[in-house]
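**Q** Below you'll find the structure I mean.
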Amino acid sequence: MGPYADDVNDVVVIGAGIVGLSTAYALTRAAPGTRVTVLEKEPGPARHQTGRNSGVIHSGIYYPPGSLKARYALQGSAEMAKFCAEHDIAHEITGKLIVATERDELPRLHALVQRGREHGISVRELGPAQIQEYEPQAAGLAAIHVGSTGICDYGAVAATMARLAIDAGARIQYGAEVRSITRTRGSGPDGAGIVVESTTGEIRTKTLVNCAGLHCDRVARLAGDEPGMRIVPFRGEYYELKPSRTDLVRGLVYPVPDPAFPFLGVHLTRDVHGGVHLGPNAVPAMAREGYHRRTFRARDMAEVAGYPGTWRIARRHWRYEIGEIHRSLSKRAFTAAAQRLLPALRPSDLIAAPAGVRAQAVLRDGTLVDDFLFGGSGPFVHVLNAPSPAATASLPIGREVARRALSALATLQTA
């Protein structure tokens with residue numbers, strides 16, 4: 001669909017992943033009549049992180065009290081299940097096991113129990129025999145069962161948000177890759193002080209929201225803002241169990257996370273269609289959309305190589321990454337990692353599945369940003385880090401981004 005008749009938008013949202021679409025949906029609900037257009041470079045919604053994740057509705061148990069991840073995941077997990085039920089989207093509250101397989105993981109497991117209780121999450125501690133009551137093929141020294149975790153079809157969620165936003169008057173332009181963002185001198189009589197040039201033409205707006213995911217730092221720089229971070233892409237590779245072996249896993253089985261690295265490790269996830277996925281690992285990708293091992297983009301790699309934070313990550317985490325790369329190159333090594341949780345697994349049980357790429361924000365000092373990160377001032381709002389559990393938390397995140405955009409719009413209108 002094209003721009004509004006007078007060619008002036010109140011808000012333009014760049015990116016039709018689940019966060020961008022949730023923002024558009026929230027804008028139409030919070031301020032009916034607001035003129036909203038979403039620009040998306042792909043031919044449809046949810047083509048990147050949203051459509052390539054494991055489909056888990058996270059409980060929020062991993063995230064420190066007071067963090068944005070904790071706040072929004074706790075709100076979002078309940079809201080997402082309700083949203084799916086209201087709109088007839090496939091979902092299920094399965095619960096999940098977090099399993100300790102080594103003694104040095106037991107203190108970290110106990111810390112998760114305490115954190116879950118701080119959050120008010122239903123957590124049950126399990127011994128080895130009790131683990132098998134939930135997952136007969138799983139093994140471990142101890143585990144916890146988190147009852148509020150579930151699964152859903154996030155692609156269908158995003159498509160529903162798009163439909164609801166359109167029904168409320170928003171516009172979505174697909175195939176619209178943003179090439180430039182220009183702030184004009186003064187806002188003019190119509191208040192439109194931003195011109196966005198995309199592959200579908202020029203569009204004017206009063207405020208702009210950047211939900212570009214893998215390209216959010218680039219969009220921020222196009223807008224004239226220095227985001228203070230860069231996206232360093234990590235490919236997450238998955239296998240799935242062949243159909244005759246899906247009975248090995250009933251629900252969701254996770255390892256105890258390593259607090260030194262913001263990735264959860266290889267886990268076992270049943271999806272809403274009855275399949276079981278294993279993964280993801282986390283290996284450096286050679287392109288921002290590097291879903292295949294051989295995909296290489298010179299511009300993407302030049303930016304990664306030229307950023308000081310990249311080398312500081314490498315120095316800090318090289319041992320971890322060697323292990324991840326080994327599991328990427330060796331199906332047997334990947335299987336061995338999963339066998340810690342599922343001893344009956346064999347390499348022949350695994351079929352390669354589509355990979356995803358995580359848009360990991362990295363600071364100049366090499367810090368991996370481990371919480372949601374927003375930026376921007378004036379008429380710009382930037383979502384600069386929205387990794388897992390962003391899909392789970394997308395409804396409250398969308399409301400927060402919409403609040404910021406409407407506040408910016410109100411400030412412009414009263415200036």
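All residue names refer to the structure tokens as shown: chains lettered A, B, ... in order, residues numbered from 1 in each chain, ligands numbered from 1 in order.
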Can you tell me which residues surround Pro65 in chain A at a distance of at most 9 Å, considering only C-alpha atoms, apart from same-chain residues fewer than 4 positions away, and format the answer as a PyMOL selection string?
**A** chain A and resi 69-71+115+118-119
**Q** Which residues, written as a list in words, have at least one atom at most 6 Å from Leu278 in chain A, with only C-alpha atoms counted and residues fewer than 4 positions away on the same chain left out?
**A** Tyr238, Tyr239, Glu240, His267 and Leu268 of chain A
**Q** Just the selected residues (C-alpha atoms), exported as an mmCIF file, in the first residue's frame, please.
**A**
data_model
loop_
_atom_site.group_PDB
_atom_site.id
_atom_site.type_symbol
_atom_site.label_atom_id
_atom_site.label_comp_id
_atom_site.auth_asym_id
_atom_site.auth_seq_id
_atom_site.Cartn_x
_atom_site.Cartn_y
_atom_site.Cartn_z
ATOM 1 C CA TYR A 238 19.483 -26.029 14.043
ATOM 2 C CA TYR A 239 18.870 -29.684 13.468
ATOM 3 C CA GLU A 240 15.503 -31.378 13.711
ATOM 4 C CA HIS A 267 18.400 -27.109 23.681
ATOM 5 C CA LEU A 268 15.553 -29.364 22.587
#
**Q** Calculated over only C-alpha atoms, which of the candidates A:Ala344, A:Ala285, A:Ala159, A:Val369 has the smallest distance to Phe261 in chain A?
**A**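 Closest candidate: A:Val369.
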**Q** Compare A:Leu106, A:Ile203, A:Ala260, A:Ile351 by their minimum atom-to-atom distance to Arg319 in chain A, counting only C-alpha atoms, and give me the closest one.
**A**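 Among the listed residues, A:Ala260 lies closest to Arg319 in chain A.
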**Q** Write out as number ranges by chain the residues lying within 9 Å of Gln339 in chain A, counting only C-alpha atoms and excluding same-chain residues fewer than 6 positions away.
**A** A: 138-139, 345-346
**Q** Take the residues from that selection and put them in a file with N, CA and C atoms, as a PDB file, in the first residue's frame.
**A**
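Just written: out_37.pdb:
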ATOM      1  N   ALA A 138      15.270 -37.932  28.963  1.00  0.00           N
ATOM      2  CA  ALA A 138      16.247 -36.932  29.418  1.00  0.00           C
ATOM      3  C   ALA A 138      17.016 -37.463  30.624  1.00  0.00           C
ATOM      4  N   ALA A 139      18.206 -36.916  30.828  1.00  0.00           N
ATOM      5  CA  ALA A 139      19.050 -37.336  31.956  1.00  0.00           C
ATOM      6  C   ALA A 139      19.722 -36.123  32.557  1.00  0.00           C
ATOM      7  N   LEU A 345      20.118 -40.083  21.901  1.00  0.00           N
ATOM      8  CA  LEU A 345      20.235 -39.440  20.591  1.00  0.00           C
ATOM      9  C   LEU A 345      21.395 -40.019  19.794  1.00  0.00           C
ATOM     10  N   ARG A 346      21.193 -40.164  18.484  1.00  0.00           N
ATOM     11  CA  ARG A 346      22.245 -40.626  17.571  1.00  0.00           C
ATOM     12  C   ARG A 346      22.396 -39.624  16.430  1.00  0.00           C
TER      13      ARG A 346
END
**Q** If we count only C-alpha atoms, what is near range 406-408 of chain A at a cut-off of 10 Å, once residues fewer than 5 positions away on the same chain are taken out, given as a ChimeraX atom specification?
**A** /A:10-11,27,30-31,34,206-208,377-381,400-401,413
**Q** Which residues come within 6 Å of range 170-178 of chain A, counting only C-alpha atoms, excluding same-chain residues fewer than 5 positions away, as a ChimeraX atom specification?
**A** /A:1,36-43,165,197-200
**Q** Taking only range 202-345 of chain A into account, list the residues labelled strand (DSSP E) by DSSP (computed from the backbone), as number ranges by chain.
**A** A: 202-210, 230-241, 252-255, 267-270, 276-279, 283-284
**Q** Would you put the residues from that selection into a file with N, CA, C and O atoms, as a short mmCIF file (atom, residue, chain, number, x, y, z; two decimals), in the first residue's frame?
**A**
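Okay, again_21.cif is ready:
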data_model
loop_
_atom_site.label_atom_id
_atom_site.label_comp_id
_atom_site.auth_asym_id
_atom_site.auth_seq_id
_atom_site.Cartn_x
_atom_site.Cartn_y
_atom_site.Cartn_z
N GLU A 202 9.63 7.98 -2.23
CA GLU A 202 9.87 8.91 -1.13
C GLU A 202 8.64 8.99 -0.23
O GLU A 202 7.50 8.98 -0.71
N ILE A 203 8.87 9.07 1.07
CA ILE A 203 7.77 9.19 2.01
C ILE A 203 8.18 10.19 3.09
O ILE A 203 9.34 10.25 3.49
N ARG A 204 7.22 11.00 3.52
CA ARG A 204 7.50 12.03 4.52
C ARG A 204 6.81 11.66 5.84
O ARG A 204 5.73 11.08 5.85
N THR A 205 7.46 12.03 6.93
CA THR A 205 6.90 11.69 8.25
C THR A 205 7.36 12.70 9.29
O THR A 205 8.38 13.39 9.12
N LYS A 206 6.60 12.76 10.38
CA LYS A 206 6.96 13.62 11.50
C LYS A 206 7.93 12.92 12.45
O LYS A 206 8.83 13.56 13.00
N THR A 207 7.72 11.62 12.66
CA THR A 207 8.61 10.83 13.53
C THR A 207 8.96 9.53 12.84
O THR A 207 8.23 9.06 11.96
N LEU A 208 10.08 8.95 13.25
CA LEU A 208 10.54 7.70 12.64
C LEU A 208 10.97 6.72 13.72
O LEU A 208 11.68 7.08 14.66
N VAL A 209 10.53 5.47 13.57
CA VAL A 209 10.87 4.38 14.49
C VAL A 209 11.70 3.36 13.73
O VAL A 209 11.29 2.86 12.68
N ASN A 210 12.86 3.05 14.28
CA ASN A 210 13.81 2.12 13.66
C ASN A 210 13.70 0.76 14.36
O ASN A 210 14.18 0.58 15.47
N ARG A 230 27.44 -1.64 17.51
CA ARG A 230 27.35 -2.21 16.18
C ARG A 230 26.70 -3.58 16.27
O ARG A 230 26.84 -4.28 17.29
N ILE A 231 26.02 -3.95 15.21
CA ILE A 231 25.48 -5.31 15.13
C ILE A 231 26.58 -6.24 14.64
O ILE A 231 27.20 -6.01 13.59
N VAL A 232 26.85 -7.27 15.43
CA VAL A 232 27.75 -8.36 15.03
C VAL A 232 26.88 -9.61 14.89
O VAL A 232 26.30 -10.06 15.88
N PRO A 233 26.75 -10.15 13.69
CA PRO A 233 25.80 -11.24 13.48
C PRO A 233 26.37 -12.60 13.91
O PRO A 233 27.52 -12.93 13.62
N PHE A 234 25.54 -13.37 14.59
CA PHE A 234 25.87 -14.75 14.95
C PHE A 234 24.81 -15.67 14.35
O PHE A 234 23.61 -15.47 14.56
N ARG A 235 25.28 -16.65 13.60
CA ARG A 235 24.36 -17.63 13.02
C ARG A 235 24.03 -18.70 14.05
O ARG A 235 24.91 -19.23 14.71
N GLY A 236 22.75 -18.99 14.16
CA GLY A 236 22.30 -20.08 15.01
C GLY A 236 21.82 -21.22 14.14
O GLY A 236 20.84 -21.09 13.39
N GLU A 237 22.52 -22.34 14.22
CA GLU A 237 22.21 -23.49 13.36
C GLU A 237 21.37 -24.51 14.13
O GLU A 237 21.61 -24.76 15.31
N TYR A 238 20.40 -25.06 13.45
CA TYR A 238 19.48 -26.03 14.04
C TYR A 238 19.55 -27.36 13.30
O TYR A 238 19.82 -27.43 12.09
N TYR A 239 19.27 -28.41 14.05
CA TYR A 239 18.87 -29.68 13.47
C TYR A 239 17.44 -29.97 13.93
O TYR A 239 16.96 -29.38 14.92
N GLU A 240 16.78 -30.87 13.23
CA GLU A 240 15.50 -31.38 13.71
C GLU A 240 15.55 -32.89 13.76
O GLU A 240 16.33 -33.53 13.03
N LEU A 241 14.75 -33.47 14.65
CA LEU A 241 14.69 -34.92 14.74
C LEU A 241 13.90 -35.47 13.56
O LEU A 241 12.87 -34.90 13.17
N LEU A 252 10.03 -29.22 26.14
CA LEU A 252 11.20 -28.36 26.00
C LEU A 252 12.23 -28.76 27.05
O LEU A 252 11.90 -28.88 28.24
N VAL A 253 13.48 -28.96 26.62
CA VAL A 253 14.56 -29.35 27.52
C VAL A 253 15.75 -28.44 27.26
O VAL A 253 16.27 -28.39 26.13
N TYR A 254 16.21 -27.74 28.31
CA TYR A 254 17.28 -26.75 28.18
C TYR A 254 18.42 -27.09 29.12
O TYR A 254 18.21 -27.66 30.20
N PRO A 255 19.65 -26.71 28.74
CA PRO A 255 20.77 -26.80 29.69
C PRO A 255 20.75 -25.62 30.66
O PRO A 255 20.03 -24.64 30.45
N HIS A 267 19.56 -26.61 22.94
CA HIS A 267 18.40 -27.11 23.68
C HIS A 267 17.45 -27.83 22.74
O HIS A 267 17.60 -27.79 21.51
N LEU A 268 16.47 -28.50 23.31
CA LEU A 268 15.55 -29.36 22.59
C LEU A 268 14.16 -28.76 22.68
O LEU A 268 13.65 -28.51 23.77
N THR A 269 13.54 -28.52 21.52
CA THR A 269 12.30 -27.75 21.50
C THR A 269 11.27 -28.40 20.58
O THR A 269 11.50 -28.50 19.37
N ARG A 270 10.16 -28.84 21.15
CA ARG A 270 9.05 -29.31 20.33
C ARG A 270 8.27 -28.10 19.83
O ARG A 270 8.03 -27.16 20.60
N VAL A 276 10.56 -31.53 16.36
CA VAL A 276 11.47 -31.24 17.46
C VAL A 276 12.76 -30.68 16.89
O VAL A 276 13.41 -31.32 16.04
N HIS A 277 13.13 -29.49 17.35
CA HIS A 277 14.37 -28.84 16.91
C HIS A 277 15.43 -28.93 18.00
O HIS A 277 15.11 -28.88 19.20
N LEU A 278 16.68 -29.04 17.57
CA LEU A 278 17.83 -29.01 18.48
C LEU A 278 18.73 -27.86 18.05
O LEU A 278 19.07 -27.72 16.88
N GLY A 279 19.11 -27.05 19.02
CA GLY A 279 19.96 -25.90 18.72
C GLY A 279 19.40 -24.69 19.45
O GLY A 279 18.54 -24.83 20.32
N VAL A 283 27.57 -19.20 16.05
CA VAL A 283 28.84 -19.05 15.35
C VAL A 283 28.85 -17.73 14.60
O VAL A 283 27.81 -17.25 14.14
N PRO A 284 30.01 -17.08 14.48
CA PRO A 284 30.06 -15.82 13.74
C PRO A 284 29.59 -16.02 12.29
O PRO A 284 30.00 -16.97 11.62
#
**Q** To one decimal in Å, tell me the separation between CA of Ser122 in chain A and CA of Gln75 in chain A.
**A**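 The value is 14.6 Å.
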**Q** Go through A:Val99, A:Ala393, A:Leu373, A:Ala81 and flag the residue nearest Asp153 in chain A, using only C-alpha atoms for the distances.
**A**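 Comparing A:Val99, A:Ala393, A:Leu373, A:Ala81 against Asp153 in chain A, the winner is A:Ala81.
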**Q** According to DSSP computed on the backbone, where in range 210-405 of chain A is there alpha helix (DSSP H)? Give the residues as a PyMOL selection string.
**A** chain A and resi 216-222+298-305+308-329+331-339+394-405
**Q** Just want the 8 Å neighbourhood of Phe263 in chain A, counted on only C-alpha atoms, with same-chain residues fewer than 3 positions away dropped. Output as a list in words.
**A**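 So, after excluding close chain neighbours, the residues are Pro257, Asp258 and Ala282 of chain A.
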**Q** Can you pull out every residue within 10 Å of Val383 in chain A, counting only C-alpha atoms, but drop anything in the same chain fewer than 4 positions away, and send it as a PyMOL selection string?
**A** chain A and resi 19-20+209-213+216-217+220+227+372-376+397+401
**Q** Take the residues that were just selected and, keeping N, CA and C atoms, output them as a PDB file, in the first residue's frame.
**A**
ATOM      1  N   VAL A  19       8.718  -6.967  16.286  1.00  0.00           N
ATOM      2  CA  VAL A  19       8.781  -5.746  17.090  1.00  0.00           C
ATOM      3  C   VAL A  19       8.223  -4.557  16.313  1.00  0.00           C
ATOM      4  N   GLY A  20       8.586  -4.430  15.043  1.00  0.00           N
ATOM      5  CA  GLY A  20       8.042  -3.345  14.236  1.00  0.00           C
ATOM      6  C   GLY A  20       6.533  -3.436  14.070  1.00  0.00           C
ATOM      7  N   VAL A 209      10.526   5.471  13.571  1.00  0.00           N
ATOM      8  CA  VAL A 209      10.873   4.383  14.491  1.00  0.00           C
ATOM      9  C   VAL A 209      11.703   3.359  13.734  1.00  0.00           C
ATOM     10  N   ASN A 210      12.860   3.046  14.284  1.00  0.00           N
ATOM     11  CA  ASN A 210      13.806   2.122  13.664  1.00  0.00           C
ATOM     12  C   ASN A 210      13.704   0.761  14.355  1.00  0.00           C
ATOM     13  N   CYS A 211      13.055  -0.188  13.678  1.00  0.00           N
ATOM     14  CA  CYS A 211      12.958  -1.569  14.158  1.00  0.00           C
ATOM     15  C   CYS A 211      13.586  -2.493  13.119  1.00  0.00           C
ATOM     16  N   ALA A 212      14.760  -2.101  12.626  1.00  0.00           N
ATOM     17  CA  ALA A 212      15.362  -2.783  11.481  1.00  0.00           C
ATOM     18  C   ALA A 212      16.188  -4.003  11.845  1.00  0.00           C
ATOM     19  N   GLY A 213      16.238  -4.390  13.122  1.00  0.00           N
ATOM     20  CA  GLY A 213      16.849  -5.651  13.510  1.00  0.00           C
ATOM     21  C   GLY A 213      18.305  -5.769  13.115  1.00  0.00           C
ATOM     22  N   CYS A 216      19.732  -2.371  12.254  1.00  0.00           N
ATOM     23  CA  CYS A 216      19.270  -1.219  13.045  1.00  0.00           C
ATOM     24  C   CYS A 216      20.363  -0.181  13.247  1.00  0.00           C
ATOM     25  N   ASP A 217      21.628  -0.600  13.396  1.00  0.00           N
ATOM     26  CA  ASP A 217      22.698   0.385  13.577  1.00  0.00           C
ATOM     27  C   ASP A 217      22.907   1.204  12.308  1.00  0.00           C
ATOM     28  N   ALA A 220      20.113   3.734  12.089  1.00  0.00           N
ATOM     29  CA  ALA A 220      20.375   4.831  13.032  1.00  0.00           C
ATOM     30  C   ALA A 220      21.370   5.820  12.438  1.00  0.00           C
ATOM     31  N   PRO A 227      24.726   5.281  17.184  1.00  0.00           N
ATOM     32  CA  PRO A 227      24.050   4.424  18.165  1.00  0.00           C
ATOM     33  C   PRO A 227      24.929   3.943  19.313  1.00  0.00           C
ATOM     34  N   PHE A 372      17.479  -5.440  26.376  1.00  0.00           N
ATOM     35  CA  PHE A 372      16.923  -4.629  25.313  1.00  0.00           C
ATOM     36  C   PHE A 372      17.525  -3.230  25.398  1.00  0.00           C
ATOM     37  N   LEU A 373      17.753  -2.635  24.237  1.00  0.00           N
ATOM     38  CA  LEU A 373      18.413  -1.333  24.194  1.00  0.00           C
ATOM     39  C   LEU A 373      17.661  -0.426  23.229  1.00  0.00           C
ATOM     40  N   PHE A 374      17.256   0.741  23.742  1.00  0.00           N
ATOM     41  CA  PHE A 374      16.576   1.743  22.936  1.00  0.00           C
ATOM     42  C   PHE A 374      17.447   2.998  22.857  1.00  0.00           C
ATOM     43  N   GLY A 375      17.294   3.747  21.799  1.00  0.00           N
ATOM     44  CA  GLY A 375      18.045   4.973  21.641  1.00  0.00           C
ATOM     45  C   GLY A 375      17.257   5.972  20.814  1.00  0.00           C
ATOM     46  N   GLY A 376      17.924   7.078  20.481  1.00  0.00           N
ATOM     47  CA  GLY A 376      17.301   8.106  19.661  1.00  0.00           C
ATOM     48  C   GLY A 376      16.838   9.288  20.474  1.00  0.00           C
ATOM     49  N   ILE A 397       6.934  -4.620  24.478  1.00  0.00           N
ATOM     50  CA  ILE A 397       7.959  -3.818  23.801  1.00  0.00           C
ATOM     51  C   ILE A 397       7.299  -2.864  22.804  1.00  0.00           C
ATOM     52  N   VAL A 401       7.739   1.200  22.679  1.00  0.00           N
ATOM     53  CA  VAL A 401       8.254   1.937  21.522  1.00  0.00           C
ATOM     54  C   VAL A 401       7.184   2.914  21.021  1.00  0.00           C
TER      55      VAL A 401
END
**Q** Grab the CA of Thr101 in chain A to CA of Ala129 in chain A distance for me, in Å with one decimal place.
**A**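 Going from CA of Thr101 in chain A over to CA of Ala129 in chain A covers 13.7 Å.
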**Q** Counting only C-alpha atoms, figure out which residue out of A:Val196, A:Val219, A:Ala78, A:Ile61 gets nearest to Leu112 in chain A.
**A**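 Nearest to Leu112 in chain A: A:Ile61.
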**Q** So which one's closest to Pro280 in chain A, A:Arg315, A:Arg52, A:Arg29, A:Arg218? Using only C-alpha atoms, please.
**A** A:Arg52
